[in-house]
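Inspection log for the structure reproduced underneath, given as structure tokens.
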Amino acid sequence: MFNSVNNPFNRAISSSTSSDSNGKRQKEDPKKELKKYIEEDEPDEVRLGGMPILTEEEVKSMVNSYINNLKNEHSERQKVVEKLNKYLEKFDVQKFMKKNPNMTSPDFYMIMYNETEGIIK
């Protein structure tokens, strides 16, 4: 506290109180904590709710259901229905599963939305 006031020799003035030593310890701890957090290795993926990973059969039936729902929603737009039929014909479940491993049902719906968004618009 008094290191810069009335200190012509610029020497550190130490106090005999215990609060100064505690202050020094507190200043060192944040550096150690920061280093600990930086070095700590955490997984990049987080599975919420422990949803089960989908099998090929489940993915096939979910794709059919998803595409059929889209066809029903856009039944008045013939070109969209034709594109959805082509998508369903060309759909390869093994490629889809290889491209998107360890997929849960929420993941599936996000992926399908991204893949079919261009077809619908």
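Numbering starts fresh at 1 for the residues of each chain in the structure tokens, the chains themselves are lettered A, B, ... in the order given, and ligands are numbered from 1 as they appear.
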Mind checking which residues fall within 10 Å of Val59 of chain A, counting only C-alpha atoms, ignoring those fewer than 3 positions away in the same chain, and posting them as a list of chain:residue names?
-> A:Leu54, A:Thr55, A:Glu56, A:Met62, A:Val63, A:Asn64, A:Ser65, A:Val93, A:Gln94, A:Phe96, A:Met97, A:Met103, A:Thr104, A:Ser105, A:Phe108
Would you please work out which residue, of A:Asn72, A:Glu39, A:Tyr113, A:Lys60, is nearest to Glu89 of chain A when using only C-alpha atoms?
-> A:Lys60
Which residues come within 12 Å of segment 114-116 of chain A, counting only C-alpha atoms, excluding same-chain residues fewer than 4 positions away, as a list in words?
->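 My list of contacting residues is Val63, Tyr66, Ile67, Asn69, Leu70, Lys71, Val80, Val81, Lys83, Leu84, Asn85, Lys86, Tyr87, Leu88, Phe91, Phe96, Asp107, Phe108, Tyr109, Met110, Ile120 and Lys121 of chain A.
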State, in Å with one decimal place, the distance from atom CA of Lys90 of chain A to atom CA of Glu73 of chain A.
->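 According to the coordinates, atom CA of Lys90 of chain A and atom CA of Glu73 of chain A are separated by 21.0 Å.
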